[in-house]
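Data file: input_25.cif. Format and content: mmCIF, C-alpha atoms.
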data_my_file
#
loop_
_atom_site.label_atom_id
_atom_site.label_comp_id
_atom_site.auth_asym_id
_atom_site.auth_seq_id
_atom_site.Cartn_x
_atom_site.Cartn_y
_atom_site.Cartn_z
CA MET N 1 -30.11 9.88 -1.77
CA ALA N 2 -29.62 7.89 -5.01
CA ASP N 3 -30.34 4.14 -4.78
CA PRO N 4 -26.74 2.91 -5.24
CA ILE N 5 -25.67 5.22 -2.39
CA SER N 6 -28.43 4.15 0.02
CA ASN N 7 -27.73 0.51 -0.88
CA LEU N 8 -24.04 1.03 -0.09
CA VAL N 9 -25.04 2.65 3.22
CA SER N 10 -27.24 -0.32 4.20
CA GLN N 11 -24.52 -2.81 3.21
CA LEU N 12 -21.93 -0.98 5.30
CA CYS N 13 -24.40 -0.98 8.22
CA ARG N 14 -23.91 -4.76 8.42
CA LEU N 15 -20.38 -4.24 9.69
CA PRO N 16 -19.90 -4.29 13.47
CA GLY N 17 -19.84 -0.88 15.14
CA VAL N 18 -21.09 0.87 11.99
CA GLY N 19 -24.41 2.70 12.48
CA THR N 20 -26.40 4.57 9.82
CA LYS N 21 -24.55 7.83 10.45
CA SER N 22 -21.06 6.37 10.09
CA ALA N 23 -22.13 4.11 7.20
CA GLN N 24 -23.24 7.30 5.42
CA ARG N 25 -19.89 8.91 6.18
CA LEU N 26 -18.05 5.85 4.84
CA ALA N 27 -20.25 5.69 1.70
CA TYR N 28 -19.52 9.31 0.76
CA PHE N 29 -15.86 8.77 1.54
CA ILE N 30 -15.85 5.80 -0.86
CA LEU N 31 -17.50 7.99 -3.54
CA ASP N 32 -15.02 10.81 -2.94
CA MET N 33 -11.85 8.71 -2.98
CA PRO N 34 -9.98 7.91 -6.25
CA GLU N 35 -11.93 5.24 -8.14
CA SER N 36 -9.03 2.76 -8.20
CA GLU N 37 -8.78 2.86 -4.40
CA ALA N 38 -12.50 2.17 -3.96
CA ARG N 39 -12.26 -0.74 -6.40
CA GLU N 40 -9.29 -2.10 -4.43
CA ILE N 41 -11.38 -2.25 -1.25
CA ALA N 42 -14.09 -4.22 -3.08
CA LYS N 43 -11.43 -6.45 -4.63
CA ALA N 44 -9.79 -7.10 -1.24
CA ILE N 45 -13.16 -8.28 0.14
CA ASN N 46 -13.72 -10.61 -2.83
CA ASP N 47 -10.10 -11.83 -2.76
CA ALA N 48 -10.32 -12.67 0.93
CA ARG N 49 -13.50 -14.67 0.33
CA ASP N 50 -11.97 -16.35 -2.76
CA LYS N 51 -8.67 -17.39 -1.22
CA ILE N 52 -9.21 -17.78 2.52
CA HIS N 53 -10.54 -21.03 3.97
CA HIS N 54 -10.16 -23.01 7.16
CA CYS N 55 -6.91 -24.96 7.67
CA PRO N 56 -7.87 -28.68 7.51
CA ILE N 57 -5.73 -29.35 10.60
CA CYS N 58 -6.24 -26.48 13.05
CA GLY N 59 -9.25 -24.64 11.58
CA ASN N 60 -7.46 -21.28 11.42
CA TYR N 61 -8.08 -19.00 8.41
CA THR N 62 -5.43 -19.64 5.75
CA ASP N 63 -4.72 -19.30 2.03
CA THR N 64 -2.47 -22.41 2.02
CA ASP N 65 -3.07 -26.10 2.90
CA PRO N 66 -2.21 -26.59 5.73
CA CYS N 67 -1.75 -23.12 7.26
CA ALA N 68 1.67 -21.50 7.84
CA ILE N 69 1.68 -22.46 11.53
CA CYS N 70 0.77 -26.13 10.94
CA ARG N 71 3.42 -26.34 8.17
CA ASP N 72 6.15 -24.80 10.36
CA ALA N 73 8.46 -27.71 11.28
CA SER N 74 10.01 -25.70 14.14
CA ARG N 75 6.73 -25.67 16.09
CA LYS N 76 5.94 -28.30 18.72
CA THR N 77 2.96 -30.29 17.47
CA GLY N 78 2.73 -31.93 20.90
CA VAL N 79 1.28 -28.77 22.48
CA ILE N 80 -2.07 -27.55 21.17
CA CYS N 81 -3.56 -24.22 22.23
CA VAL N 82 -7.35 -24.28 21.87
CA VAL N 83 -8.99 -20.93 21.06
CA ARG N 84 -12.45 -19.84 19.99
CA ASP N 85 -11.69 -17.70 16.92
CA ALA N 86 -9.06 -17.14 14.27
CA ARG N 87 -8.53 -13.65 15.72
CA ASP N 88 -7.49 -15.24 19.03
CA VAL N 89 -4.63 -16.91 17.14
CA VAL N 90 -3.50 -13.46 15.97
CA ALA N 91 -3.57 -12.21 19.59
CA MET N 92 -1.55 -15.23 20.79
CA GLU N 93 1.01 -14.93 17.97
CA LYS N 94 1.61 -11.26 18.83
CA MET N 95 3.06 -12.53 22.13
CA ARG N 96 5.92 -14.20 20.12
CA GLU N 97 6.36 -16.72 22.90
CA PHE N 98 4.14 -19.72 22.19
CA ARG N 99 5.83 -22.25 19.89
CA GLY N 100 3.18 -24.98 19.85
CA THR N 101 0.23 -25.27 17.44
CA TYR N 102 -3.39 -24.12 17.62
CA HIS N 103 -6.87 -25.51 17.36
CA VAL N 104 -9.59 -23.05 16.42
CA LEU N 105 -13.02 -24.17 17.66
CA GLY N 106 -14.99 -21.68 15.60
CA GLY N 107 -17.26 -20.88 18.55
CA THR N 108 -18.01 -21.92 22.12
CA ILE N 109 -20.70 -24.15 23.59
CA SER N 110 -23.74 -21.97 24.22
CA PRO N 111 -27.06 -23.77 24.82
CA MET N 112 -28.84 -20.37 24.88
CA ASP N 113 -27.81 -19.82 21.24
CA GLY N 114 -28.39 -23.47 20.34
CA ILE N 115 -24.67 -24.20 19.95
CA GLY N 116 -23.78 -27.64 21.27
CA PRO N 117 -20.45 -29.55 21.38
CA ASP N 118 -21.09 -30.97 17.89
CA ASP N 119 -21.44 -27.49 16.37
CA ILE N 120 -17.84 -26.51 17.09
CA ARG N 121 -14.60 -28.27 16.10
CA ILE N 122 -14.23 -30.51 19.17
CA LYS N 123 -14.44 -33.75 17.14
CA GLU N 124 -11.52 -32.57 14.98
CA LEU N 125 -9.49 -31.80 18.15
CA LEU N 126 -10.07 -35.32 19.50
CA GLN N 127 -9.02 -36.77 16.12
CA ARG N 128 -5.72 -34.87 16.36
CA ILE N 129 -5.22 -36.24 19.86
CA ASP N 130 -6.12 -39.79 18.83
CA GLU N 131 -3.42 -39.61 16.15
CA GLY N 132 -0.99 -39.46 19.09
CA GLY N 133 1.99 -37.31 20.11
CA VAL N 134 -0.02 -34.65 21.97
CA SER N 135 1.30 -34.06 25.49
CA GLU N 136 -0.60 -30.92 26.52
CA VAL N 137 -3.73 -29.05 25.46
CA ILE N 138 -3.93 -25.45 26.65
CA LEU N 139 -7.54 -24.30 26.89
CA ALA N 140 -7.43 -20.61 25.98
CA THR N 141 -11.13 -19.87 25.47
CA ASN N 142 -12.35 -16.57 26.92
CA PRO N 143 -13.07 -16.33 30.65
CA ASP N 144 -16.83 -15.87 30.10
CA VAL N 145 -19.64 -18.36 30.82
CA GLU N 146 -19.49 -20.02 27.39
CA GLY N 147 -15.69 -20.08 27.23
CA GLU N 148 -15.49 -21.57 30.73
CA ALA N 149 -18.14 -24.23 29.97
CA THR N 150 -16.36 -25.17 26.76
CA ALA N 151 -13.00 -25.46 28.55
CA VAL N 152 -14.53 -27.68 31.27
CA TYR N 153 -16.28 -29.85 28.65
CA ILE N 154 -13.11 -30.39 26.61
CA SER N 155 -10.91 -30.96 29.69
CA LYS N 156 -13.13 -33.90 30.71
CA LEU N 157 -12.74 -35.51 27.27
CA LEU N 158 -8.97 -34.99 27.50
CA LYS N 159 -8.73 -36.59 30.94
CA GLN N 160 -10.51 -39.68 29.56
CA ARG N 161 -7.74 -39.87 26.98
CA GLY N 162 -4.99 -39.28 29.56
CA VAL N 163 -3.89 -36.01 27.97
CA LYS N 164 -2.84 -33.08 30.20
CA ALA N 165 -5.31 -30.17 29.98
CA THR N 166 -4.29 -26.71 31.23
CA ARG N 167 -6.28 -23.47 31.44
CA ILE N 168 -4.75 -20.02 30.89
CA ALA N 169 -4.55 -17.98 34.10
CA HIS N 170 -7.17 -15.39 34.99
CA GLY N 171 -6.29 -12.45 37.21
CA ILE N 172 -5.54 -8.75 37.35
CA PRO N 173 -4.27 -7.58 33.95
CA ILE N 174 -0.83 -5.93 33.86
CA GLY N 175 -1.31 -2.21 34.45
CA GLY N 176 -4.72 -2.97 35.96
CA ASN N 177 -5.99 -1.47 39.16
CA LEU N 178 -7.34 -3.52 42.09
CA GLU N 179 -9.91 -0.84 42.80
CA TYR N 180 -11.52 -1.06 39.38
CA VAL N 181 -11.30 -4.79 38.81
CA ASP N 182 -14.57 -6.76 39.07
CA GLU N 183 -15.08 -9.27 41.90
CA MET N 184 -14.90 -12.36 39.70
CA THR N 185 -11.49 -11.34 38.36
CA LEU N 186 -10.29 -10.57 41.89
CA LEU N 187 -11.58 -13.95 43.09
CA LYS N 188 -9.72 -15.71 40.25
CA ALA N 189 -6.58 -13.68 41.05
CA MET N 190 -6.75 -14.74 44.71
CA GLU N 191 -7.40 -18.38 43.84
CA GLY N 192 -4.50 -18.38 41.40
CA ARG N 193 -1.99 -16.78 43.82
CA ARG N 194 1.54 -18.17 43.82
CA GLU N 195 4.37 -18.16 46.35
CA MET N 196 7.01 -15.51 45.67
CA MET X 1 -1.92 -13.59 9.15
CA ALA X 2 -2.48 -14.85 5.57
CA ASP X 3 -1.77 -12.30 2.78
CA PRO X 4 -5.39 -11.87 1.60
CA ILE X 5 -6.41 -11.09 5.19
CA SER X 6 -3.62 -8.58 5.83
CA ASN X 7 -4.36 -6.99 2.45
CA LEU X 8 -8.04 -6.66 3.42
CA VAL X 9 -6.97 -5.12 6.74
CA SER X 10 -4.79 -2.51 5.02
CA GLN X 11 -7.53 -1.69 2.50
CA LEU X 12 -10.08 -1.19 5.29
CA CYS X 13 -7.56 1.06 7.08
CA ARG X 14 -8.05 3.59 4.29
CA LEU X 15 -11.57 4.28 5.55
CA PRO X 16 -12.00 7.26 7.90
CA GLY X 17 -12.01 6.40 11.59
CA VAL X 18 -10.79 2.84 10.95
CA GLY X 19 -7.45 2.05 12.61
CA THR X 20 -5.48 -1.21 12.38
CA LYS X 21 -7.31 -2.76 15.32
CA SER X 22 -10.82 -2.09 14.03
CA ALA X 23 -9.81 -2.93 10.43
CA GLN X 24 -8.70 -6.33 11.77
CA ARG X 25 -12.04 -6.74 13.55
CA LEU X 26 -13.91 -5.81 10.35
CA ALA X 27 -11.78 -8.17 8.22
CA TYR X 28 -12.48 -11.19 10.44
CA PHE X 29 -16.15 -10.21 10.57
CA ILE X 30 -16.19 -10.20 6.74
CA LEU X 31 -14.58 -13.66 6.73
CA ASP X 32 -17.04 -14.97 9.34
CA MET X 33 -20.24 -13.65 7.72
CA PRO X 34 -22.15 -15.68 5.09
CA GLU X 35 -20.24 -15.49 1.80
CA SER X 36 -23.15 -13.94 -0.13
CA GLU X 37 -23.33 -11.03 2.36
CA ALA X 38 -19.62 -10.31 2.04
CA ARG X 39 -19.94 -10.36 -1.77
CA GLU X 40 -22.87 -7.95 -1.53
CA ILE X 41 -20.74 -5.40 0.33
CA ALA X 42 -18.07 -5.60 -2.40
CA LYS X 43 -20.77 -5.36 -5.07
CA ALA X 44 -22.36 -2.32 -3.40
CA ILE X 45 -18.99 -0.53 -3.49
CA ASN X 46 -18.47 -1.37 -7.19
CA ASP X 47 -22.11 -0.52 -8.03
CA ALA X 48 -21.85 2.87 -6.37
CA ARG X 49 -18.69 3.65 -8.34
CA ASP X 50 -20.27 2.32 -11.58
CA LYS X 51 -23.57 4.20 -11.35
CA ILE X 52 -22.97 7.33 -9.30
CA HIS X 53 -21.64 10.49 -10.95
CA HIS X 54 -21.98 14.23 -10.46
CA CYS X 55 -25.25 15.88 -11.59
CA PRO X 56 -24.34 18.07 -14.61
CA ILE X 57 -26.44 20.92 -13.16
CA CYS X 58 -25.87 21.02 -9.39
CA GLY X 59 -22.86 18.70 -8.94
CA ASN X 60 -24.61 16.47 -6.40
CA TYR X 61 -24.03 12.69 -6.53
CA THR X 62 -26.72 11.04 -8.67
CA ASP X 63 -27.48 7.94 -10.72
CA THR X 64 -29.73 9.91 -13.12
CA ASP X 65 -29.16 12.91 -15.44
CA PRO X 66 -30.01 15.40 -14.03
CA CYS X 67 -30.42 14.44 -10.36
CA ALA X 68 -33.80 13.88 -8.68
CA ILE X 69 -33.78 17.36 -7.11
CA CYS X 70 -32.90 19.21 -10.35
CA ARG X 71 -35.59 17.18 -12.21
CA ASP X 72 -38.28 17.94 -9.59
CA ALA X 73 -40.61 20.50 -11.23
CA SER X 74 -42.07 21.48 -7.83
CA ARG X 75 -38.80 22.95 -6.63
CA LYS X 76 -37.98 26.64 -7.03
CA THR X 77 -35.04 26.91 -9.43
CA GLY X 78 -34.77 30.61 -8.53
CA VAL X 79 -33.28 29.85 -5.11
CA ILE X 80 -29.93 28.05 -5.04
CA CYS X 81 -28.40 26.76 -1.82
CA VAL X 82 -24.61 26.50 -2.15
CA VAL X 83 -22.94 23.76 -0.08
CA ARG X 84 -19.50 22.22 0.02
CA ASP X 85 -20.26 18.50 -0.22
CA ALA X 86 -22.93 16.09 -1.41
CA ARG X 87 -23.40 15.02 2.22
CA ASP X 88 -24.40 18.59 3.08
CA VAL X 89 -27.32 18.19 0.65
CA VAL X 90 -28.43 15.12 2.61
CA ALA X 91 -28.30 17.15 5.85
CA MET X 92 -30.33 19.99 4.29
CA GLU X 93 -32.92 17.63 2.80
CA LYS X 94 -33.49 16.00 6.20
CA MET X 95 -34.91 19.36 7.32
CA ARG X 96 -37.79 18.85 4.78
CA GLU X 97 -38.23 22.60 4.60
CA PHE X 98 -36.07 23.94 1.79
CA ARG X 99 -37.80 23.74 -1.61
CA GLY X 100 -35.17 25.40 -3.79
CA THR X 101 -32.26 23.73 -5.58
CA TYR X 102 -28.62 23.11 -4.64
CA HIS X 103 -25.18 23.78 -5.94
CA VAL X 104 -22.43 21.47 -4.67
CA LEU X 105 -19.01 23.14 -4.81
CA GLY X 106 -17.03 19.96 -4.19
CA GLY X 107 -14.71 21.74 -1.77
CA THR X 108 -13.92 25.17 -0.36
CA ILE X 109 -11.26 27.71 -1.21
CA SER X 110 -8.18 26.85 0.82
CA PRO X 111 -4.87 28.43 -0.29
CA MET X 112 -3.05 26.34 2.36
CA ASP X 113 -4.12 23.15 0.53
CA GLY X 114 -3.60 24.74 -2.88
CA ILE X 115 -7.33 24.89 -3.61
CA GLY X 116 -8.25 28.11 -5.45
CA PRO X 117 -11.58 29.39 -6.80
CA ASP X 118 -11.01 27.56 -10.11
CA ASP X 119 -10.64 24.20 -8.37
CA ILE X 120 -14.22 24.16 -7.08
CA ARG X 121 -17.49 24.49 -9.01
CA ILE X 122 -17.85 28.30 -8.82
CA LYS X 123 -17.69 28.76 -12.62
CA GLU X 124 -20.64 26.36 -13.00
CA LEU X 125 -22.61 28.33 -10.38
CA LEU X 126 -22.04 31.59 -12.28
CA GLN X 127 -23.16 29.88 -15.51
CA ARG X 128 -26.44 28.89 -13.83
CA ILE X 129 -26.92 32.48 -12.68
CA ASP X 130 -26.06 33.91 -16.10
CA GLU X 131 -28.79 31.72 -17.61
CA GLY X 132 -31.19 33.91 -15.60
CA GLY X 133 -34.13 33.38 -13.24
CA VAL X 134 -32.05 33.14 -10.04
CA SER X 135 -33.31 35.53 -7.33
CA GLU X 136 -31.36 34.33 -4.29
CA VAL X 137 -28.22 32.32 -3.54
CA ILE X 138 -27.98 30.98 0.01
CA LEU X 139 -24.36 30.43 0.99
CA ALA X 140 -24.42 27.40 3.30
CA THR X 141 -20.74 26.53 3.47
CA ASN X 142 -19.45 25.55 6.92
CA PRO X 143 -18.68 28.33 9.44
CA ASP X 144 -14.93 27.60 9.38
CA VAL X 145 -12.14 29.72 7.85
CA GLU X 146 -12.35 28.08 4.40
CA GLY X 147 -16.16 28.03 4.33
CA GLU X 148 -16.34 31.68 5.37
CA ALA X 149 -13.72 32.75 2.79
CA THR X 150 -15.56 30.84 0.07
CA ALA X 151 -18.88 32.45 1.02
CA VAL X 152 -17.34 35.93 0.97
CA TYR X 153 -15.64 35.27 -2.38
CA ILE X 154 -18.86 34.02 -4.02
CA SER X 155 -21.02 36.79 -2.49
CA LYS X 156 -18.81 39.42 -4.17
CA LEU X 157 -19.27 37.78 -7.58
CA LEU X 158 -23.03 37.62 -6.97
CA LYS X 159 -23.23 41.32 -6.06
CA GLN X 160 -21.49 42.19 -9.35
CA ARG X 161 -24.32 40.31 -11.07
CA GLY X 162 -27.03 41.94 -8.96
CA VAL X 163 -28.12 38.65 -7.37
CA LYS X 164 -29.09 38.56 -3.69
CA ALA X 165 -26.62 36.53 -1.61
CA THR X 166 -27.56 35.34 1.88
CA ARG X 167 -25.53 33.47 4.51
CA ILE X 168 -27.04 30.86 6.87
CA ALA X 169 -27.17 32.10 10.47
CA HIS X 170 -24.52 31.14 12.99
CA GLY X 171 -25.31 31.04 16.69
CA ILE X 172 -26.02 28.84 19.66
CA PRO X 173 -27.30 25.45 18.48
CA ILE X 174 -30.73 24.35 19.74
CA GLY X 175 -30.20 22.50 23.02
CA GLY X 176 -26.78 24.13 23.30
CA ASN X 177 -25.48 25.74 26.46
CA LEU X 178 -24.13 29.30 26.65
CA GLU X 179 -21.54 28.19 29.16
CA TYR X 180 -19.95 25.64 26.84
CA VAL X 181 -20.21 27.51 23.57
CA ASP X 182 -16.96 28.95 22.14
CA GLU X 183 -16.44 32.72 21.94
CA MET X 184 -16.67 32.92 18.15
CA THR X 185 -20.09 31.26 18.17
CA LEU X 186 -21.24 33.52 21.00
CA LEU X 187 -19.98 36.58 19.09
CA LYS X 188 -21.91 35.45 15.98
CA ALA X 189 -25.00 34.83 18.11
CA MET X 190 -24.82 38.36 19.59
CA GLU X 191 -24.20 39.95 16.17
CA GLY X 192 -27.12 38.04 14.71
CA ARG X 193 -29.57 38.94 17.51
CA ARG X 194 -33.10 39.81 16.45
CA GLU X 195 -35.91 41.79 18.06
CA MET X 196 -38.51 39.61 19.74
#
Encoded form using structure tokens:
Amino acid sequence: MADPISNLVSQLCRLPGVGTKSAQRLAYFILDMPESEAREIAKAINDARDKIHHCPICGNYTDTDPCAICRDASRKTGVICVVRDARDVVAMEKMREFRGTYHVLGGTISPMDGIGPDDIRIKELLQRIDEGGVSEVILATNPDVEGEATAVYISKLLKQRGVKATRIAHGIPIGGNLEYVDEMTLLKAMEGRREM
Amino acid sequence: MADPISNLVSQLCRLPGVGTKSAQRLAYFILDMPESEAREIAKAINDARDKIHHCPICGNYTDTDPCAICRDASRKTGVICVVRDARDVVAMEKMREFRGTYHVLGGTISPMDGIGPDDIRIKELLQRIDEGGVSEVILATNPDVEGEATAVYISKLLKQRGVKATRIAHGIPIGGNLEYVDEMTLLKAMEGRREM
């Protein structure tokens, strides 16, 4: 295989879920496609890295300052939904229901990986709260060990400041099946039961 | 989602096997990774399109003229293995057994898609044969309708020129199971049976 092809294959291998075999398939596809289209893919990668940065307020990826959500006057700045990643904001926005703002942590506390509270955007969240006007912080980190620890850690800081901290509900997903759900989820679903 | 991100997502969607969901995952991964690594992926795409072209002899992708295989004096130029795509050459070379040369057609005859004999590199193959010294042409197109039709079409032209044409064997793959093999493959395996 010619050097520029094998280099392209090894670069594509860096992408998640792309092994050598599929990187090879992608590389030949990129060689086979019209040249302008291949160039557009490269340009889109460079453009994204040129124009996208973190919103100075919420930390979400944006090409404007502040981001479209933080600029939107119709959104309630008093309710902040805390998520781990920018992609979690996309998931939340798909719901078309939440009208507050976000705070993207850019990670979760994980001592095993050497990530402490100072390595994620907790300080920036507290600054926003100290500026006043925040009535509720929804902790929407993932229901895994790190996400849970991060939510607990932040909720303590919020209580000190007298700000209401809520956690998104865990339970059986819609369309899910009791039989196939793991015990932890079932436990959370039982704990979180409500009167009908 | 900011425009440069959604543009990156739609560009990545052009790649085979990449749907909106995984394109989104790839796009955020590209934004999250160190900037230099993201730039290297874009550069690898541009480099491949800058440097890679078709070998003037065999039609394989190469960054040299002619390609490494056509330049290799130890290979038998009298035996030409005809394949559809450049990736088929990679598959053949992995075998480390074939010491002849290749001819990449760049497609197969497919009247349904409007691809006739003149749209693939058959003319160039006949030129190589007319230059003399070719004793055998191995037709290694895929065992599908188009590949079979292309092999039959080329074999007729070769017979007119008195050049031996062979077809790679079809049958049960190694590790395959009679029970799960389709009838056409089984038929080919029976037809191709050899005395032990």
Target residues per the PyMOL selection byres ((chain X) within 8 of (chain N)), formatted as a count of residues only: 37
Shell around range 101-105 of chain X at 10 Å using only C-alpha atoms, local window under 6 positions removed, as a VMD selection string: chain X and resid 54 to 55 57 to 61 69 to 72 75 to 89 92 117 119 to 125 128 137 to 141 150
Length of the CA of Lys21 in chain N to CA of Arg167 in chain X vector [Å]: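 CA of Arg167 in chain X lies at a distance of 26.3 Å from CA of Lys21 in chain N.
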Point-to-point distance in Å for CA of Ala91 in chain X and CA of Pro173 in chain X: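 Distance between the two atoms: 15.1 Å.
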Picked residues, the PyMOL selection byres ((chain N and resi 161) around 12), as a list in words: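 This file gives the following for the PyMOL selection byres ((chain N and resi 161) around 12): Leu126, Gln127, Arg128, Ile129, Asp130, Glu131, Gly132, Val134, Ser135, Glu136, Val137, Ile154, Ser155, Lys156, Leu157, Leu158, Lys159, Gln160, Gly162, Val163, Lys164 and Ala165 of chain N.
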Å distance separating CA of Glu146 in chain X from CA of Gly192 in chain X, one decimal place: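 Answer for the CA of Glu146 in chain X to CA of Gly192 in chain X separation: 20.6 Å.
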Quick one: range 78-98 of chain N with N, CA and C atoms, as a CSV table (one decimal), in the frame of the given file?
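What landed in rebuild19.csv:
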chain,number,residue,atom,x,y,z
N,78,GLY,N,3.2,-31.2,19.7
N,78,GLY,CA,2.7,-31.9,20.9
N,78,GLY,C,1.9,-31.0,21.8
N,79,VAL,N,2.0,-29.7,21.6
N,79,VAL,CA,1.3,-28.8,22.5
N,79,VAL,C,0.3,-28.0,21.6
N,80,ILE,N,-1.0,-28.2,22.0
N,80,ILE,CA,-2.1,-27.6,21.2
N,80,ILE,C,-2.8,-26.5,22.0
N,81,CYS,N,-2.8,-25.3,21.5
N,81,CYS,CA,-3.6,-24.2,22.2
N,81,CYS,C,-4.9,-24.1,21.6
N,82,VAL,N,-6.0,-24.3,22.4
N,82,VAL,CA,-7.4,-24.3,21.9
N,82,VAL,C,-8.0,-22.9,22.1
N,83,VAL,N,-8.4,-22.3,21.0
N,83,VAL,CA,-9.0,-20.9,21.1
N,83,VAL,C,-10.3,-20.9,20.3
N,84,ARG,N,-11.1,-19.9,20.6
N,84,ARG,CA,-12.4,-19.8,20.0
N,84,ARG,C,-12.4,-19.4,18.5
N,85,ASP,N,-11.7,-18.3,18.3
N,85,ASP,CA,-11.7,-17.7,16.9
N,85,ASP,C,-10.3,-17.6,16.3
N,86,ALA,N,-10.3,-17.4,15.0
N,86,ALA,CA,-9.1,-17.1,14.3
N,86,ALA,C,-8.4,-15.9,14.8
N,87,ARG,N,-9.2,-14.9,15.2
N,87,ARG,CA,-8.5,-13.6,15.7
N,87,ARG,C,-7.8,-13.9,17.0
N,88,ASP,N,-8.2,-14.9,17.8
N,88,ASP,CA,-7.5,-15.2,19.0
N,88,ASP,C,-6.1,-15.8,18.7
N,89,VAL,N,-5.9,-16.4,17.6
N,89,VAL,CA,-4.6,-16.9,17.1
N,89,VAL,C,-3.7,-15.7,16.9
N,90,VAL,N,-4.3,-14.7,16.2
N,90,VAL,CA,-3.5,-13.5,16.0
N,90,VAL,C,-3.0,-12.8,17.3
N,91,ALA,N,-3.9,-12.8,18.3
N,91,ALA,CA,-3.6,-12.2,19.6
N,91,ALA,C,-2.4,-13.0,20.2
N,92,MET,N,-2.6,-14.3,20.2
N,92,MET,CA,-1.6,-15.2,20.8
N,92,MET,C,-0.2,-15.1,20.1
N,93,GLU,N,-0.2,-15.0,18.7
N,93,GLU,CA,1.0,-14.9,18.0
N,93,GLU,C,1.7,-13.6,18.2
N,94,LYS,N,1.0,-12.6,18.5
N,94,LYS,CA,1.6,-11.3,18.8
N,94,LYS,C,2.6,-11.4,20.0
N,95,MET,N,2.3,-12.3,20.9
N,95,MET,CA,3.1,-12.5,22.1
N,95,MET,C,4.5,-13.0,21.8
N,96,ARG,N,4.6,-13.7,20.6
N,96,ARG,CA,5.9,-14.2,20.1
N,96,ARG,C,6.6,-15.1,21.1
N,97,GLU,N,5.8,-15.9,21.8
N,97,GLU,CA,6.4,-16.7,22.9
N,97,GLU,C,5.9,-18.2,22.7
N,98,PHE,N,4.7,-18.4,22.3
N,98,PHE,CA,4.1,-19.7,22.2
N,98,PHE,C,4.7,-20.4,20.9
